[in-house]
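Peer 1: Quick one: the structure is below, questions incoming.
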Amino acid sequence: MRILISNDDGYLAPGIQALADALAAVADIVVVAPDSNRSGASNSLSLDRPLSVSKAANGFYFVNGTPTDCVHIALTGMLDTRPDLVVSGINNGQNMGDDTLYSGTVAAATEAYLFGIPAIAFSQVRSGWSEVESAARVARDIVLRRFEALESPFLLNVNIPNLPYEQMGPLTATRLGRRHQAEPVIRAQDPRGREIFWIGAPGACRDAGEGTDFYATSQGRVSITPLQVDLTHREQLASLRGWLE
């Protein structure tokens with residue numbers, strides 16, 4: 001199996017190193033990741049400047065761009081062979097509910113999905129990299145399942161509790177939960193007295209009931225949510241057509 005690995009925390013992040021180490025034992029891997037932390041980059045492509053690819057001492061390739069840039073470059077001009085799977089992560093913190101719209105981790109996997117390649121995004125529930133080796137073992141277990149029952153390509157969003165491997169709950173199919181609106185921005189001043197703003201914290205959980213990713217991970221389970229890209233509000237199509245007529 002040929003696997004392309006990317007992330008949004010940058011090629012030096014402990015999560016991508018742990019993921020690469022775990023998957024190198026079961027697949028031929030190539031790592032193409034951002035040169036620095038690009039969390040929150042979502043699906044952005046860099047169209048205003050050229051991008052460069054460099055190779056680190058550990059064999060990882062790094063790009064001065066976004067997670068989507070990394071996967072796009074790898075699939076459209078860098079790799080000689082199309083990968084069988086693209087994995088992203090392991091992210092430093094959860095990507096659940098509404099967070100998936102902003103996530104660079106999920107975006108890297110989404111770019112592969114748009115190219116018709118199965119893709120999985122992996123995140124730990126809490127930031128700080130505690131038990132990242134256990135999370136990497138879970139990621140390897142999931143990759144080895146192959147998911148032949150799913151129509152290909154598939155796009156899976158996986159959130160893993162920060163627990164020892166032996167204490168990890170079962171893999172659980174979930175839907176995305178929902179959050180309340182984000183907290184207000186934080187006003188501050190830069191050293192020259194100019195007003196600046198920091199993005200506020202995410203909103204609290206609004207829909208975290210049974211069946212959601214929030215609920216599963218709160219019970220120590222590994223949440224696996226199948227995602228899709230079609231943003232069409234199909235229930236409103238009939239109403240819109242009627243109004244236009």
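Naming scheme: A, B, ... for chains in displayed order of the structure tokens; residues 1 onward per chain; ligands 1 onward as shown.
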May I have all residues of segment 93-214 of chain A that DSSP, computed from the backbone, assigns to strand (DSSP E or B), given as a PyMOL selection string?
Peer 2: chain A and resi 119-124+155-160+171-173+175+178-179+186-189+195-198+205-207+212
Peer 1: Would you list the contacts of Ala13 of chain A as an mmCIF file with C-alpha atoms, in the first residue's frame, taking every protein, DNA or RNA residue within 12 Å and counting only C-alpha atoms, but skipping same-chain residues closer than 2 positions in sequence?
Peer 2:
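And here's around_3.cif as it stands now:
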```cif
data_model
loop_
_atom_site.group_PDB
_atom_site.id
_atom_site.type_symbol
_atom_site.label_atom_id
_atom_site.label_comp_id
_atom_site.auth_asym_id
_atom_site.auth_seq_id
_atom_site.Cartn_x
_atom_site.Cartn_y
_atom_site.Cartn_z
ATOM 1 C CA SER A 6 0.286 15.374 5.398
ATOM 2 C CA ASN A 7 -0.933 17.588 8.256
ATOM 3 C CA ASP A 8 -1.507 21.205 9.258
ATOM 4 C CA ASP A 9 0.798 21.407 12.297
ATOM 5 C CA GLY A 10 3.932 21.330 10.149
ATOM 6 C CA TYR A 11 6.476 18.687 9.218
ATOM 7 C CA GLY A 15 1.867 13.959 15.537
ATOM 8 C CA ILE A 16 3.041 13.523 11.963
ATOM 9 C CA GLN A 17 6.255 11.846 13.100
ATOM 10 C CA ALA A 18 4.306 9.341 15.199
ATOM 11 C CA LEU A 19 1.889 8.687 12.344
ATOM 12 C CA ALA A 20 4.697 8.190 9.833
ATOM 13 C CA ALA A 33 3.602 18.718 4.930
ATOM 14 C CA PRO A 34 3.663 22.474 5.549
ATOM 15 C CA ASP A 35 6.901 24.110 6.644
ATOM 16 C CA SER A 36 5.169 25.608 9.697
ATOM 17 C CA ASN A 37 1.914 25.474 11.639
ATOM 18 C CA ARG A 38 -1.038 26.169 9.321
ATOM 19 C CA SER A 39 -3.877 25.312 11.699
ATOM 20 C CA PHE A 60 9.975 14.401 4.968
ATOM 21 C CA PHE A 62 7.942 20.368 3.380
ATOM 22 C CA GLY A 89 -2.517 14.313 11.087
ATOM 23 C CA ILE A 90 -2.208 13.407 13.806
ATOM 24 C CA ASN A 91 -3.583 16.831 14.708
ATOM 25 C CA ASN A 92 -2.752 18.595 17.966
ATOM 26 C CA GLY A 128 -0.495 18.724 23.941
ATOM 27 C CA TRP A 129 0.455 15.411 22.296
ATOM 28 C CA VAL A 132 0.349 10.431 20.715
#
```
Peer 1: Could you pull the residues within 6 Å of segment 169-186 of chain A, counting only C-alpha atoms, minus those fewer than 2 positions along the same chain, as JSON, numbers by chain?
Peer 2: {"A": [97, 98, 197, 198, 199, 200, 201, 202, 203, 204, 205, 206, 207, 208, 211, 212, 213, 220, 221, 222, 223, 224, 225]}
Peer 1: Could those selected residues go to a file with all heavy atoms, as a compact mmCIF listing (two decimals), in the first residue's frame?
Peer 2:
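Wrote it out as selection34.txt, contents follow:
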```
# COMPACT_ATOMS: atom_id res chain seq x y z
N GLY A 97 -17.42 18.39 15.06
CA GLY A 97 -18.50 19.34 14.86
C GLY A 97 -18.15 20.38 13.82
O GLY A 97 -17.58 20.09 12.76
N ASP A 98 -18.49 21.65 14.10
CA ASP A 98 -18.26 22.74 13.17
C ASP A 98 -16.77 22.98 12.89
O ASP A 98 -16.42 23.61 11.89
CB ASP A 98 -18.87 24.03 13.71
CG ASP A 98 -20.34 23.89 14.05
OD1 ASP A 98 -20.98 22.97 13.51
OD2 ASP A 98 -20.85 24.68 14.86
N PHE A 197 -6.59 42.13 17.19
CA PHE A 197 -7.62 41.19 17.60
C PHE A 197 -7.10 39.76 17.51
O PHE A 197 -6.45 39.39 16.53
CB PHE A 197 -8.86 41.32 16.68
CG PHE A 197 -9.50 42.67 16.70
CD1 PHE A 197 -9.08 43.66 15.82
CD2 PHE A 197 -10.51 42.96 17.60
CE1 PHE A 197 -9.67 44.91 15.82
CE2 PHE A 197 -11.11 44.21 17.61
CZ PHE A 197 -10.69 45.19 16.72
N TRP A 198 -7.37 38.99 18.55
CA TRP A 198 -7.13 37.55 18.53
C TRP A 198 -8.48 36.84 18.39
O TRP A 198 -9.45 37.22 19.04
CB TRP A 198 -6.47 37.08 19.84
CG TRP A 198 -5.05 37.52 20.00
CD1 TRP A 198 -4.60 38.62 20.68
CD2 TRP A 198 -3.89 36.89 19.46
NE1 TRP A 198 -3.22 38.70 20.60
CE2 TRP A 198 -2.76 37.65 19.86
CE3 TRP A 198 -3.69 35.75 18.66
CZ2 TRP A 198 -1.46 37.31 19.50
CZ3 TRP A 198 -2.39 35.41 18.31
CH2 TRP A 198 -1.29 36.19 18.72
N ILE A 199 -8.51 35.83 17.52
CA ILE A 199 -9.74 35.06 17.37
C ILE A 199 -10.09 34.41 18.70
O ILE A 199 -9.22 33.85 19.39
CB ILE A 199 -9.58 33.99 16.27
CG1 ILE A 199 -9.33 34.65 14.91
CG2 ILE A 199 -10.80 33.08 16.21
CD1 ILE A 199 -10.49 35.49 14.42
N GLY A 200 -11.37 34.47 19.08
CA GLY A 200 -11.80 33.92 20.35
C GLY A 200 -11.89 32.40 20.35
O GLY A 200 -11.72 31.74 19.31
N ALA A 201 -12.18 31.86 21.50
CA ALA A 201 -12.28 30.40 21.66
C ALA A 201 -13.51 29.87 20.94
O ALA A 201 -14.48 30.59 20.71
CB ALA A 201 -12.37 30.07 23.15
N PRO A 202 -13.49 28.58 20.55
CA PRO A 202 -14.68 27.98 19.94
C PRO A 202 -15.85 28.01 20.91
O PRO A 202 -15.68 28.06 22.13
CB PRO A 202 -14.24 26.54 19.66
CG PRO A 202 -12.75 26.57 19.68
CD PRO A 202 -12.37 27.64 20.65
N GLY A 203 -17.05 27.98 20.35
CA GLY A 203 -18.23 27.95 21.18
C GLY A 203 -18.37 26.61 21.89
O GLY A 203 -17.79 25.60 21.49
N ALA A 204 -19.15 26.60 22.97
CA ALA A 204 -19.41 25.35 23.69
C ALA A 204 -20.26 24.41 22.83
O ALA A 204 -20.90 24.84 21.86
CB ALA A 204 -20.13 25.66 25.00
N CYS A 205 -20.29 23.16 23.19
CA CYS A 205 -21.07 22.18 22.43
C CYS A 205 -22.57 22.48 22.55
O CYS A 205 -23.07 22.72 23.65
CB CYS A 205 -20.80 20.77 22.95
SG CYS A 205 -19.10 20.22 22.70
N ARG A 206 -23.26 22.49 21.43
CA ARG A 206 -24.70 22.69 21.41
C ARG A 206 -25.42 21.37 21.15
O ARG A 206 -26.48 21.11 21.71
CB ARG A 206 -25.07 23.72 20.34
CG ARG A 206 -26.55 23.91 20.11
CD ARG A 206 -26.82 25.22 19.39
NE ARG A 206 -26.20 25.27 18.08
CZ ARG A 206 -26.79 24.88 16.94
NH1 ARG A 206 -28.02 24.40 16.97
NH2 ARG A 206 -26.16 24.99 15.79
N ASP A 207 -24.85 20.54 20.28
CA ASP A 207 -25.40 19.21 19.99
C ASP A 207 -24.29 18.20 20.24
O ASP A 207 -23.42 18.00 19.40
CB ASP A 207 -25.90 19.14 18.56
CG ASP A 207 -26.41 17.76 18.17
OD1 ASP A 207 -26.53 16.90 19.07
OD2 ASP A 207 -26.68 17.54 16.98
N ALA A 208 -24.31 17.60 21.41
CA ALA A 208 -23.28 16.62 21.79
C ALA A 208 -23.95 15.35 22.30
O ALA A 208 -23.39 14.63 23.11
CB ALA A 208 -22.36 17.19 22.85
N GLY A 211 -24.53 9.54 19.60
CA GLY A 211 -24.41 9.44 18.14
C GLY A 211 -23.48 10.46 17.55
O GLY A 211 -23.06 10.32 16.39
N THR A 212 -23.11 11.51 18.32
CA THR A 212 -22.21 12.53 17.81
C THR A 212 -20.75 12.21 18.13
O THR A 212 -20.45 11.38 19.00
CB THR A 212 -22.53 13.91 18.41
OG1 THR A 212 -22.25 13.89 19.83
CG2 THR A 212 -24.00 14.28 18.19
N ASP A 213 -19.87 12.89 17.42
CA ASP A 213 -18.44 12.74 17.69
C ASP A 213 -18.09 13.22 19.09
O ASP A 213 -17.28 12.62 19.79
CB ASP A 213 -17.61 13.47 16.63
CG ASP A 213 -18.12 14.86 16.28
OD1 ASP A 213 -19.04 15.36 16.96
OD2 ASP A 213 -17.60 15.45 15.31
N GLY A 220 -14.62 7.98 25.85
CA GLY A 220 -13.35 7.29 25.62
C GLY A 220 -13.30 6.48 24.36
O GLY A 220 -12.38 5.69 24.16
N ARG A 221 -14.27 6.67 23.47
CA ARG A 221 -14.30 5.93 22.22
C ARG A 221 -13.61 6.70 21.10
O ARG A 221 -13.47 7.92 21.17
CB ARG A 221 -15.75 5.64 21.80
CG ARG A 221 -16.56 4.90 22.85
CD ARG A 221 -18.01 4.83 22.42
NE ARG A 221 -18.88 4.30 23.47
CZ ARG A 221 -20.20 4.36 23.45
NH1 ARG A 221 -20.82 4.93 22.41
NH2 ARG A 221 -20.90 3.85 24.44
N VAL A 222 -13.22 5.99 20.07
CA VAL A 222 -12.64 6.60 18.89
C VAL A 222 -13.77 6.93 17.92
O VAL A 222 -14.50 6.04 17.49
CB VAL A 222 -11.62 5.66 18.23
CG1 VAL A 222 -11.06 6.30 16.95
CG2 VAL A 222 -10.50 5.31 19.19
N SER A 223 -13.92 8.19 17.59
CA SER A 223 -15.00 8.66 16.72
C SER A 223 -14.56 8.62 15.27
O SER A 223 -13.50 9.15 14.91
CB SER A 223 -15.40 10.08 17.10
OG SER A 223 -16.19 10.68 16.09
N ILE A 224 -15.36 8.00 14.41
CA ILE A 224 -15.11 7.97 12.96
C ILE A 224 -16.35 8.51 12.26
O ILE A 224 -17.42 7.91 12.32
CB ILE A 224 -14.78 6.56 12.45
CG1 ILE A 224 -13.61 5.96 13.22
CG2 ILE A 224 -14.47 6.61 10.95
CD1 ILE A 224 -13.22 4.57 12.77
N THR A 225 -16.20 9.66 11.61
CA THR A 225 -17.32 10.30 10.92
C THR A 225 -17.06 10.34 9.42
O THR A 225 -16.06 10.92 8.98
CB THR A 225 -17.52 11.75 11.42
OG1 THR A 225 -17.66 11.75 12.84
CG2 THR A 225 -18.74 12.38 10.79
```
Peer 1: Enter the distance from atom CA of Pro67 of chain A to atom CA of Ser46 of chain A, in Å, rounded to one decimal.
Peer 2: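 Pair atom CA of Pro67 of chain A / atom CA of Ser46 of chain A returns 10.2 Å.
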Peer 1: Apply DSSP to the backbone of this structure and, from segment 37-210 of chain A, keep only the residues in alpha helix (DSSP H); write these as number ranges by chain.
Peer 2: A: 67-73, 104-114, 132-144
Peer 1: Those selected residues, please, written with C-alpha atoms and delivered as a PDB file, in the first residue's frame.
Peer 2:
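And here's selection.pdb as it stands now:
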```pdb
ATOM      1  CA  PRO A  67      -2.096  21.620   3.845  1.00  0.00           C
ATOM      2  CA  THR A  68      -4.180  21.716   0.659  1.00  0.00           C
ATOM      3  CA  ASP A  69      -1.161  23.037  -1.254  1.00  0.00           C
ATOM      4  CA  CYS A  70       0.899  20.096   0.002  1.00  0.00           C
ATOM      5  CA  VAL A  71      -1.525  17.429  -1.154  1.00  0.00           C
ATOM      6  CA  HIS A  72      -2.282  19.239  -4.401  1.00  0.00           C
ATOM      7  CA  ILE A  73       1.395  19.532  -5.320  1.00  0.00           C
ATOM      8  CA  GLY A 104      -6.397  22.227   7.795  1.00  0.00           C
ATOM      9  CA  THR A 105      -6.065  18.600   8.866  1.00  0.00           C
ATOM     10  CA  VAL A 106      -9.436  17.731   7.382  1.00  0.00           C
ATOM     11  CA  ALA A 107      -8.710  19.952   4.367  1.00  0.00           C
ATOM     12  CA  ALA A 108      -5.611  17.950   3.424  1.00  0.00           C
ATOM     13  CA  ALA A 109      -7.684  14.774   3.415  1.00  0.00           C
ATOM     14  CA  THR A 110     -10.488  16.526   1.516  1.00  0.00           C
ATOM     15  CA  GLU A 111      -8.107  17.530  -1.278  1.00  0.00           C
ATOM     16  CA  ALA A 112      -7.206  13.875  -1.811  1.00  0.00           C
ATOM     17  CA  TYR A 113     -10.892  12.931  -1.771  1.00  0.00           C
ATOM     18  CA  LEU A 114     -11.562  15.502  -4.512  1.00  0.00           C
ATOM     19  CA  VAL A 132       0.349  10.431  20.715  1.00  0.00           C
ATOM     20  CA  GLU A 133       2.039   7.044  20.236  1.00  0.00           C
ATOM     21  CA  SER A 134      -1.198   5.336  21.287  1.00  0.00           C
ATOM     22  CA  ALA A 135      -3.111   7.503  18.825  1.00  0.00           C
ATOM     23  CA  ALA A 136      -0.688   6.465  16.095  1.00  0.00           C
ATOM     24  CA  ARG A 137      -1.333   2.792  16.888  1.00  0.00           C
ATOM     25  CA  VAL A 138      -5.069   3.426  16.576  1.00  0.00           C
ATOM     26  CA  ALA A 139      -4.477   5.185  13.260  1.00  0.00           C
ATOM     27  CA  ARG A 140      -2.532   2.182  11.967  1.00  0.00           C
ATOM     28  CA  ASP A 141      -5.325  -0.164  13.064  1.00  0.00           C
ATOM     29  CA  ILE A 142      -7.838   1.945  11.167  1.00  0.00           C
ATOM     30  CA  VAL A 143      -5.721   2.135   8.014  1.00  0.00           C
ATOM     31  CA  LEU A 144      -5.297  -1.646   8.007  1.00  0.00           C
TER      32      LEU A 144
END
```
Peer 1: Quick one: residues within 6 Å of segment 74-85 of chain A, only C-alpha atoms, excluding same-chain residues fewer than 3 positions away - as a PyMOL selection string?
Peer 2: chain A and resi 2-3+71+118-119
Peer 1: With N, CA, C and O atoms retained, could you export that selection as a CSV table (one decimal), in the first residue's frame?
Peer 2:
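So the final result, stored in again06.csv, reads:
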```
chain,number,residue,atom,x,y,z
A,2,ARG,N,0.5,2.2,-0.8
A,2,ARG,CA,1.2,3.5,-0.9
A,2,ARG,C,0.4,4.6,-0.2
A,2,ARG,O,-0.7,4.8,-0.6
A,3,ILE,N,1.0,5.2,0.7
A,3,ILE,CA,0.3,6.2,1.5
A,3,ILE,C,1.0,7.6,1.5
A,3,ILE,O,2.2,7.6,1.7
A,71,VAL,N,-0.9,18.6,-0.5
A,71,VAL,CA,-1.5,17.4,-1.2
A,71,VAL,C,-1.7,17.7,-2.6
A,71,VAL,O,-1.5,16.8,-3.5
A,118,PRO,N,-9.1,7.7,-1.6
A,118,PRO,CA,-9.6,7.6,-0.2
A,118,PRO,C,-8.7,8.3,0.8
A,118,PRO,O,-7.5,8.4,0.6
A,119,ALA,N,-9.3,8.9,1.8
A,119,ALA,CA,-8.5,9.8,2.7
A,119,ALA,C,-9.1,9.7,4.1
A,119,ALA,O,-10.3,9.6,4.3
```
Peer 1: Mind pulling up the distance from atom CA of Tyr61 of chain A to atom CA of Val30 of chain A?
Peer 2: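 Atom-to-atom, atom CA of Val30 of chain A and atom CA of Tyr61 of chain A are spaced 8.0 Å apart.
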Peer 1: Which distance in Å separates atom CA of Val158 of chain A and atom CA of Ser42 of chain A, to one decimal?
Peer 2: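 Computing the Euclidean distance for atom CA of Val158 of chain A and atom CA of Ser42 of chain A yields 16.6 Å.
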Peer 1: With distances taken over only C-alpha atoms, which of A:Lys55, A:Leu156, A:Gln189, A:Leu240 is nearest to Leu227 of chain A?
Peer 2: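 That would be A:Leu156, the residue with the smallest distance to Leu227 of chain A.
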